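Structure data follow from input11.cif (mmCIF, C-alpha atoms):
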```cif
data_run
loop_
_atom_site.group_PDB
_atom_site.id
_atom_site.type_symbol
_atom_site.label_atom_id
_atom_site.label_comp_id
_atom_site.auth_asym_id
_atom_site.auth_seq_id
_atom_site.Cartn_x
_atom_site.Cartn_y
_atom_site.Cartn_z
ATOM 1 C CA MET A 1441 128.280 98.280 88.493
ATOM 2 C CA THR A 1442 124.911 99.587 89.673
ATOM 3 C CA SER A 1443 123.013 101.667 87.130
ATOM 4 C CA VAL A 1444 121.767 105.066 88.280
ATOM 5 C CA ALA A 1445 118.252 106.413 87.742
ATOM 6 C CA ILE A 1446 117.418 110.077 88.255
ATOM 7 C CA VAL A 1447 113.841 111.030 89.129
ATOM 8 C CA THR A 1448 112.734 114.672 89.291
ATOM 9 C CA GLY A 1449 109.762 115.741 91.368
ATOM 10 C CA ALA A 1450 110.539 112.824 93.666
ATOM 11 C CA SER A 1451 109.264 114.298 96.932
ATOM 12 C CA SER A 1452 105.670 113.137 96.443
ATOM 13 C CA GLY A 1453 103.140 111.449 94.178
ATOM 14 C CA ILE A 1454 104.274 109.775 90.985
ATOM 15 C CA GLY A 1455 107.885 110.839 91.524
ATOM 16 C CA ALA A 1456 108.175 109.264 94.971
ATOM 17 C CA ALA A 1457 106.409 106.089 93.816
ATOM 18 C CA THR A 1458 108.745 105.874 90.819
ATOM 19 C CA ALA A 1459 111.818 106.312 92.998
ATOM 20 C CA ARG A 1460 110.672 103.447 95.241
ATOM 21 C CA ARG A 1461 109.886 101.196 92.299
ATOM 22 C CA LEU A 1462 113.155 101.834 90.453
ATOM 23 C CA ALA A 1463 115.142 101.181 93.634
ATOM 24 C CA ALA A 1464 113.296 97.870 93.935
ATOM 25 C CA GLU A 1465 114.329 97.150 90.330
ATOM 26 C CA GLY A 1466 117.982 97.498 91.351
ATOM 27 C CA PHE A 1467 118.788 101.066 90.350
ATOM 28 C CA HIS A 1468 120.610 103.479 92.613
ATOM 29 C CA VAL A 1469 118.121 106.344 92.573
ATOM 30 C CA LEU A 1470 118.978 110.021 92.678
ATOM 31 C CA ALA A 1471 115.742 111.425 94.076
ATOM 32 C CA ALA A 1472 115.567 115.093 93.079
ATOM 33 C CA ALA A 1473 113.113 117.717 94.321
ATOM 34 C CA ARG A 1474 112.931 121.020 96.161
ATOM 35 C CA ARG A 1475 111.681 119.654 99.496
ATOM 36 C CA THR A 1476 114.725 117.991 100.995
ATOM 37 C CA ASP A 1477 112.936 117.003 104.201
ATOM 38 C CA ARG A 1478 110.592 114.768 102.235
ATOM 39 C CA LEU A 1479 113.468 113.391 100.182
ATOM 40 C CA ALA A 1480 115.302 112.395 103.352
ATOM 41 C CA GLY A 1481 112.297 110.370 104.474
ATOM 42 C CA LEU A 1482 111.997 108.768 101.034
ATOM 43 C CA VAL A 1483 115.655 107.719 101.021
ATOM 44 C CA LYS A 1484 115.277 106.143 104.483
ATOM 45 C CA GLU A 1485 112.221 104.258 103.266
ATOM 46 C CA ILE A 1486 114.049 102.973 100.187
ATOM 47 C CA GLU A 1487 117.065 101.888 102.239
ATOM 48 C CA ALA A 1488 114.851 100.134 104.781
ATOM 49 C CA ALA A 1489 113.389 98.118 101.905
ATOM 50 C CA GLY A 1490 116.867 97.067 100.777
ATOM 51 C CA GLY A 1491 117.427 99.608 98.009
ATOM 52 C CA THR A 1492 119.836 102.498 97.618
ATOM 53 C CA ALA A 1493 119.134 106.149 96.930
ATOM 54 C CA THR A 1494 120.556 109.630 97.302
ATOM 55 C CA ALA A 1495 118.558 112.796 97.946
ATOM 56 C CA VAL A 1496 119.442 115.749 95.714
ATOM 57 C CA ALA A 1497 117.949 119.194 96.241
ATOM 58 C CA CYS A 1498 116.849 120.440 92.834
ATOM 59 C CA ASP A 1499 114.527 123.119 91.501
ATOM 60 C CA VAL A 1500 113.981 122.394 87.800
ATOM 61 C CA THR A 1501 113.180 126.065 87.153
ATOM 62 C CA SER A 1502 116.737 127.064 88.137
ATOM 63 C CA ASP A 1503 119.727 126.632 85.825
ATOM 64 C CA GLU A 1504 122.092 126.663 88.803
ATOM 65 C CA SER A 1505 120.098 124.056 90.691
ATOM 66 C CA VAL A 1506 119.929 121.739 87.669
ATOM 67 C CA ALA A 1507 123.702 122.109 87.253
ATOM 68 C CA GLY A 1508 123.980 120.835 90.826
ATOM 69 C CA LEU A 1509 121.910 117.796 89.878
ATOM 70 C CA ALA A 1510 124.272 117.099 86.984
ATOM 71 C CA ALA A 1511 127.227 117.332 89.371
ATOM 72 C CA ALA A 1512 125.540 114.858 91.722
ATOM 73 C CA ALA A 1513 125.054 112.511 88.778
ATOM 74 C CA GLN A 1514 128.786 112.635 88.028
ATOM 75 C CA ALA A 1515 129.492 111.587 91.609
ATOM 76 C CA ALA A 1516 126.920 108.764 91.578
ATOM 77 C CA PRO A 1517 128.070 105.159 92.109
ATOM 78 C CA GLY A 1518 127.547 104.001 88.535
ATOM 79 C CA PRO A 1519 126.563 104.991 85.010
ATOM 80 C CA VAL A 1520 123.518 107.209 84.593
ATOM 81 C CA ALA A 1521 121.225 104.944 82.591
ATOM 82 C CA LEU A 1522 117.802 106.469 83.227
ATOM 83 C CA LEU A 1523 116.302 109.940 83.585
ATOM 84 C CA VAL A 1524 112.648 110.320 84.546
ATOM 85 C CA ASN A 1525 111.470 113.860 83.858
ATOM 86 C CA ASN A 1526 108.532 113.816 86.240
ATOM 87 C CA ALA A 1527 108.529 117.290 87.817
ATOM 88 C CA GLY A 1528 105.474 119.241 86.704
ATOM 89 C CA GLY A 1529 101.996 120.293 87.673
ATOM 90 C CA ALA A 1530 98.917 122.358 86.930
ATOM 91 C CA ARG A 1531 97.606 125.650 88.262
ATOM 92 C CA GLY A 1532 94.052 126.814 87.833
ATOM 93 C CA LEU A 1533 91.102 125.616 85.801
ATOM 94 C CA ASP A 1534 90.167 128.941 84.235
ATOM 95 C CA PRO A 1535 89.094 129.501 80.625
ATOM 96 C CA VAL A 1536 91.634 131.000 78.248
ATOM 97 C CA GLU A 1537 89.904 134.396 78.295
ATOM 98 C CA SER A 1538 90.472 134.809 82.033
ATOM 99 C CA GLY A 1539 93.445 132.546 82.775
ATOM 100 C CA ALA A 1540 96.162 134.048 84.968
ATOM 101 C CA ILE A 1541 99.329 134.742 83.014
ATOM 102 C CA GLY A 1542 101.391 133.867 86.093
ATOM 103 C CA ASP A 1543 99.813 130.417 86.268
ATOM 104 C CA TRP A 1544 100.561 129.786 82.602
ATOM 105 C CA GLN A 1545 104.162 130.954 83.054
ATOM 106 C CA TRP A 1546 104.632 128.650 86.038
ATOM 107 C CA MET A 1547 103.202 125.652 84.189
ATOM 108 C CA TYR A 1548 105.409 126.305 81.171
ATOM 109 C CA ASP A 1549 108.547 126.792 83.254
ATOM 110 C CA VAL A 1550 108.060 123.678 85.389
ATOM 111 C CA ASN A 1551 106.675 121.262 82.803
ATOM 112 C CA VAL A 1552 108.425 122.377 79.627
ATOM 113 C CA LEU A 1553 111.562 124.336 80.453
ATOM 114 C CA GLY A 1554 112.194 122.081 83.459
ATOM 115 C CA THR A 1555 112.217 119.076 81.153
ATOM 116 C CA LEU A 1556 114.499 120.942 78.762
ATOM 117 C CA ARG A 1557 116.967 122.033 81.459
ATOM 118 C CA VAL A 1558 117.275 118.620 83.065
ATOM 119 C CA THR A 1559 117.495 116.740 79.766
ATOM 120 C CA GLN A 1560 120.220 119.022 78.440
ATOM 121 C CA ALA A 1561 122.197 118.715 81.663
ATOM 122 C CA LEU A 1562 121.995 114.909 81.893
ATOM 123 C CA LEU A 1563 122.140 113.904 78.219
ATOM 124 C CA PRO A 1564 125.969 113.635 78.108
ATOM 125 C CA ALA A 1565 125.941 111.189 81.023
ATOM 126 C CA LEU A 1566 123.060 109.195 79.559
ATOM 127 C CA GLU A 1567 124.842 108.859 76.232
ATOM 128 C CA ALA A 1568 128.134 107.967 77.930
ATOM 129 C CA SER A 1569 126.382 105.047 79.661
ATOM 130 C CA GLY A 1570 126.013 103.400 76.261
ATOM 131 C CA ALA A 1571 122.377 102.522 76.937
ATOM 132 C CA GLY A 1572 120.520 105.579 78.202
ATOM 133 C CA THR A 1573 116.793 106.110 78.573
ATOM 134 C CA ILE A 1574 114.881 109.368 78.927
ATOM 135 C CA VAL A 1575 111.321 109.150 80.238
ATOM 136 C CA ILE A 1576 109.104 112.215 79.932
ATOM 137 C CA VAL A 1577 105.992 112.102 82.086
ATOM 138 C CA SER A 1578 103.451 114.154 80.175
ATOM 139 C CA SER A 1579 99.675 113.641 80.258
ATOM 140 C CA THR A 1580 96.672 112.782 78.149
ATOM 141 C CA ALA A 1581 96.372 116.587 78.122
ATOM 142 C CA GLY A 1582 99.414 116.427 75.854
ATOM 143 C CA PHE A 1583 97.219 115.347 72.953
ATOM 144 C CA THR A 1584 93.643 116.211 73.995
ATOM 145 C CA VAL A 1585 92.405 119.634 75.112
ATOM 146 C CA TYR A 1586 89.541 120.303 77.509
ATOM 147 C CA GLU A 1587 87.682 123.344 78.785
ATOM 148 C CA GLY A 1588 89.519 125.093 81.573
ATOM 149 C CA GLY A 1589 92.718 123.213 80.839
ATOM 150 C CA GLY A 1590 94.227 125.516 78.237
ATOM 151 C CA GLY A 1591 97.406 126.372 80.122
ATOM 152 C CA TYR A 1592 98.084 122.840 81.328
ATOM 153 C CA ALA A 1593 97.260 121.305 77.942
ATOM 154 C CA ALA A 1594 99.514 123.820 76.205
ATOM 155 C CA ALA A 1595 102.395 122.902 78.496
ATOM 156 C CA LYS A 1596 101.818 119.165 78.110
ATOM 157 C CA HIS A 1597 101.489 119.479 74.331
ATOM 158 C CA ALA A 1598 104.901 121.157 74.424
ATOM 159 C CA GLN A 1599 106.351 118.291 76.465
ATOM 160 C CA THR A 1600 104.999 115.840 73.894
ATOM 161 C CA ALA A 1601 106.692 117.904 71.176
ATOM 162 C CA ILE A 1602 109.988 117.729 73.077
ATOM 163 C CA ALA A 1603 109.731 113.938 73.340
ATOM 164 C CA GLY A 1604 109.022 113.454 69.648
ATOM 165 C CA THR A 1605 111.654 115.906 68.490
ATOM 166 C CA LEU A 1606 114.300 114.512 70.817
ATOM 167 C CA ARG A 1607 113.655 110.979 69.574
ATOM 168 C CA LEU A 1608 114.304 112.142 66.002
ATOM 169 C CA GLU A 1609 117.415 114.099 66.934
ATOM 170 C CA LEU A 1610 118.920 111.219 68.947
ATOM 171 C CA SER A 1611 118.391 108.662 66.178
ATOM 172 C CA GLY A 1612 121.537 106.570 65.826
ATOM 173 C CA ARG A 1613 122.752 107.404 69.330
ATOM 174 C CA PRO A 1614 122.357 105.035 72.309
ATOM 175 C CA VAL A 1615 119.576 106.958 74.060
ATOM 176 C CA ARG A 1616 115.898 106.100 73.735
ATOM 177 C CA VAL A 1617 113.036 108.471 74.521
ATOM 178 C CA ILE A 1618 109.804 107.274 76.158
ATOM 179 C CA GLU A 1619 106.698 109.356 76.779
ATOM 180 C CA ILE A 1620 104.248 108.342 79.520
ATOM 181 C CA ASP A 1621 100.788 109.940 79.297
ATOM 182 C CA PRO A 1622 98.616 109.293 82.366
ATOM 183 C CA GLY A 1623 94.963 110.235 82.514
ATOM 184 C CA MET A 1624 93.146 110.634 85.821
ATOM 185 C CA VAL A 1625 95.612 109.944 88.659
ATOM 186 C CA ARG A 1626 94.677 110.631 92.260
ATOM 187 C CA THR A 1627 97.672 111.830 94.242
ATOM 188 C CA ASP A 1628 97.959 113.813 97.457
ATOM 189 C CA GLU A 1629 99.062 117.070 95.878
ATOM 190 C CA PHE A 1630 98.198 117.483 92.185
ATOM 191 C CA GLY A 1631 94.677 118.786 92.806
ATOM 192 C CA LEU A 1632 95.709 120.853 95.808
ATOM 193 C CA VAL A 1633 98.319 122.675 93.726
ATOM 194 C CA ARG A 1634 95.896 123.162 90.856
ATOM 195 C CA PHE A 1635 93.225 124.678 93.111
ATOM 196 C CA GLY A 1636 95.473 126.725 95.378
ATOM 197 C CA GLY A 1637 95.141 124.409 98.360
ATOM 198 C CA ASP A 1638 91.344 124.047 98.196
ATOM 199 C CA ALA A 1639 90.880 120.439 99.349
ATOM 200 C CA ASP A 1640 87.155 120.355 98.476
ATOM 201 C CA LYS A 1641 87.770 121.344 94.853
ATOM 202 C CA ALA A 1642 90.633 118.882 94.604
ATOM 203 C CA ALA A 1643 88.455 116.046 95.938
ATOM 204 C CA ALA A 1644 85.566 116.935 93.618
ATOM 205 C CA THR A 1645 87.691 116.014 90.599
ATOM 206 C CA TYR A 1646 87.511 112.360 91.639
ATOM 207 C CA ALA A 1647 83.987 112.350 93.099
ATOM 208 C CA GLY A 1648 82.178 109.136 92.219
ATOM 209 C CA VAL A 1649 85.092 107.703 90.233
ATOM 210 C CA PRO A 1650 85.315 104.058 91.392
ATOM 211 C CA GLU A 1651 89.060 103.609 91.040
ATOM 212 C CA PRO A 1652 91.176 106.425 89.656
ATOM 213 C CA LEU A 1653 94.788 105.581 88.977
ATOM 214 C CA VAL A 1654 97.227 106.042 91.841
ATOM 215 C CA ALA A 1655 100.888 107.000 91.731
ATOM 216 C CA GLU A 1656 102.056 103.394 91.965
ATOM 217 C CA ASP A 1657 100.147 102.512 88.790
ATOM 218 C CA VAL A 1658 102.086 105.079 86.805
ATOM 219 C CA ALA A 1659 105.365 104.083 88.464
ATOM 220 C CA ASP A 1660 104.693 100.513 87.350
ATOM 221 C CA CYS A 1661 104.307 101.694 83.749
ATOM 222 C CA ILE A 1662 107.507 103.754 83.928
ATOM 223 C CA ALA A 1663 109.485 100.855 85.371
ATOM 224 C CA TRP A 1664 108.151 98.403 82.774
ATOM 225 C CA CYS A 1665 109.072 100.672 79.862
ATOM 226 C CA ALA A 1666 112.493 101.487 81.286
ATOM 227 C CA THR A 1667 113.438 97.865 81.945
ATOM 228 C CA ARG A 1668 112.659 96.501 78.468
ATOM 229 C CA PRO A 1669 115.723 95.420 76.444
ATOM 230 C CA HIS A 1670 117.370 98.591 75.240
ATOM 231 C CA HIS A 1671 116.557 97.978 71.582
ATOM 232 C CA VAL A 1672 112.846 98.069 72.514
ATOM 233 C CA ASN A 1673 111.585 101.670 72.509
ATOM 234 C CA VAL A 1674 108.065 102.257 73.830
ATOM 235 C CA ASP A 1675 107.523 105.596 72.129
ATOM 236 C CA ARG A 1676 104.330 106.483 73.983
ATOM 237 C CA LEU A 1677 102.334 104.736 76.696
ATOM 238 C CA VAL A 1678 98.859 106.114 77.424
ATOM 239 C CA VAL A 1679 97.339 104.902 80.710
ATOM 240 C CA ARG A 1680 93.916 105.748 82.108
ATOM 241 C CA PRO A 1681 91.695 104.223 84.791
ATOM 242 C CA LEU A 1682 88.939 101.965 83.495
ATOM 243 C CA ALA A 1683 86.392 104.600 84.541
ATOM 244 C CA GLN A 1684 87.907 107.170 82.161
ATOM 245 C CA ALA A 1685 87.054 106.196 78.589
ATOM 246 C CA ALA A 1686 88.326 109.543 77.259
ATOM 247 C CA GLN A 1687 89.344 112.954 78.530
ATOM 248 C CA HIS A 1688 85.686 114.065 78.517
ATOM 249 C CA LYS A 1689 84.049 110.712 79.347
ATOM 250 C CA VAL A 1690 84.374 109.567 82.975
ATOM 251 C CA HIS A 1691 82.064 107.080 84.660
ATOM 252 C CA ARG A 1692 81.019 108.340 88.098
ATOM 253 C CA VAL A 1693 78.947 106.176 90.427
ATOM 254 C CA GLY A 1694 75.690 107.829 91.421
ATOM 255 C CA GLN A 1695 76.035 110.678 88.933
#
```
Would you mind writing the file out in structure tokens?
Amino acid sequence: MTSVAIVTGASSGIGAATARRLAAEGFHVLAAARRTDRLAGLVKEIEAAGGTATAVACDVTSDESVAGLAAAAQAAPGPVALLVNNAGGARGLDPVESGAIGDWQWMYDVNVLGTLRVTQALLPALEASGAGTIVIVSSTAGFTVYEGGGGYAAAKHAQTAIAGTLRLELSGRPVRVIEIDPGMVRTDEFGLVRFGGDADKAAATYAGVPEPLVAEDVADCIAWCATRPHHVNVDRLVVRPLAQAAQHKVHRVGQ
């Protein structure tokens, strides 16, 4: 029977790349996100490549919507073996003293409470599979702070805390917990969301960086961790581009 993988935030970026990669690995993918038009295109792309997938409309900030995702998982064509909590994002790059409370609330709700809602809703199915895996896509901001990143770092630190706590609480049960912490990843939308649609500010983040990571690089890491023998638990995988030696140390050509 085909194993089922659920990917949140699957309409773009790392989520879409992960959905494609997991389908290529043989999973039936439930691609979950708010933008169903994009999901429809993703499912067609996966099917054209020989994989199988189902689009599921889901807003991780809504209890009702996440309950709908759990219902879709029950109707899926196999055991739910993998959950990739990928939905998230950043808003603003303001210092703590002037950060917008609304931006902080959004980041906490999407990154932290979204992970909590989806994990709670899908954990029974993951455990029932007998060999479940939960992947939490956090960030290097989950263990290193930086100026202007207070709200995002706070949210990602909280996601890291969820991963570690969950791993302790699930000890002895057939569900492993994996945390993926990417550094600088260039995707179509992350910077645009962070800077309110300002394409110049979004592009400036990567100015001079020879080769930032792309979504497919992170998807490759997720797929590798998730397809290890189930007794192998990769607790945390930190992945940065070669140009980024640390959160504050980035090599930029010509700068």
Minimum-distance residue to His1671 (chain A), chosen among A:Thr1476, A:Gln1684, A:Thr1573, A:Asn1526 (using all atoms listed in the file): A:Thr1573
Is it possible to get the residues within 12 Å of (129.4, 97.0, 85.1) (coordinates as in the file, counting all atoms listed in the file) written as a list in words? Met1441, Thr1442, Ser1443, Val1444, Pro1517, Gly1518, Pro1519, Val1520, Ala1521, Ser1569 and Gly1570 of chain A
Expansion of the PyMOL selection byres ((chain A and resi 1543-1545) around 8) into residues, as a VMD selection string: chain A and resid 1531 to 1532 1539 to 1542 1546 to 1549 1591 to 1592
Between CA of Arg1634 (chain A) and CA of Val1585 (chain A), what is the distance, to one decimal in Å? 16.5 Å
Report, in Å to a single decimal, how far apart CA of Arg1478 (chain A) and CA of Val1496 (chain A) are. 11.0 Å
Determine, counting all atoms listed in the file, which protein, DNA and RNA residues have an atom within 12 Å of an atom of region 1497-1501 of chain A; residues of the same chain fewer than 4 positions away are not included. Present the result as a CSV table (one decimal) with C-alpha atoms, keeping the file's coordinate frame.
```csv
chain,number,residue,atom,x,y,z
A,1446,ILE,CA,117.4,110.1,88.3
A,1447,VAL,CA,113.8,111.0,89.1
A,1448,THR,CA,112.7,114.7,89.3
A,1449,GLY,CA,109.8,115.7,91.4
A,1450,ALA,CA,110.5,112.8,93.7
A,1451,SER,CA,109.3,114.3,96.9
A,1470,LEU,CA,119.0,110.0,92.7
A,1471,ALA,CA,115.7,111.4,94.1
A,1472,ALA,CA,115.6,115.1,93.1
A,1473,ALA,CA,113.1,117.7,94.3
A,1474,ARG,CA,112.9,121.0,96.2
A,1475,ARG,CA,111.7,119.7,99.5
A,1476,THR,CA,114.7,118.0,101.0
A,1477,ASP,CA,112.9,117.0,104.2
A,1478,ARG,CA,110.6,114.8,102.2
A,1479,LEU,CA,113.5,113.4,100.2
A,1480,ALA,CA,115.3,112.4,103.4
A,1505,SER,CA,120.1,124.1,90.7
A,1506,VAL,CA,119.9,121.7,87.7
A,1507,ALA,CA,123.7,122.1,87.3
A,1508,GLY,CA,124.0,120.8,90.8
A,1509,LEU,CA,121.9,117.8,89.9
A,1510,ALA,CA,124.3,117.1,87.0
A,1511,ALA,CA,127.2,117.3,89.4
A,1512,ALA,CA,125.5,114.9,91.7
A,1525,ASN,CA,111.5,113.9,83.9
A,1526,ASN,CA,108.5,113.8,86.2
A,1527,ALA,CA,108.5,117.3,87.8
A,1528,GLY,CA,105.5,119.2,86.7
A,1545,GLN,CA,104.2,131.0,83.1
A,1546,TRP,CA,104.6,128.6,86.0
A,1547,MET,CA,103.2,125.7,84.2
A,1548,TYR,CA,105.4,126.3,81.2
A,1549,ASP,CA,108.5,126.8,83.3
A,1550,VAL,CA,108.1,123.7,85.4
A,1551,ASN,CA,106.7,121.3,82.8
A,1552,VAL,CA,108.4,122.4,79.6
A,1553,LEU,CA,111.6,124.3,80.5
A,1554,GLY,CA,112.2,122.1,83.5
A,1555,THR,CA,112.2,119.1,81.2
A,1556,LEU,CA,114.5,120.9,78.8
A,1557,ARG,CA,117.0,122.0,81.5
A,1558,VAL,CA,117.3,118.6,83.1
A,1559,THR,CA,117.5,116.7,79.8
A,1560,GLN,CA,120.2,119.0,78.4
A,1561,ALA,CA,122.2,118.7,81.7
```
Straight-line distance linking CA of Gly1481 (chain A) with CA of Ala1459 (chain A), stated in Å to one decimal: 12.2 Å
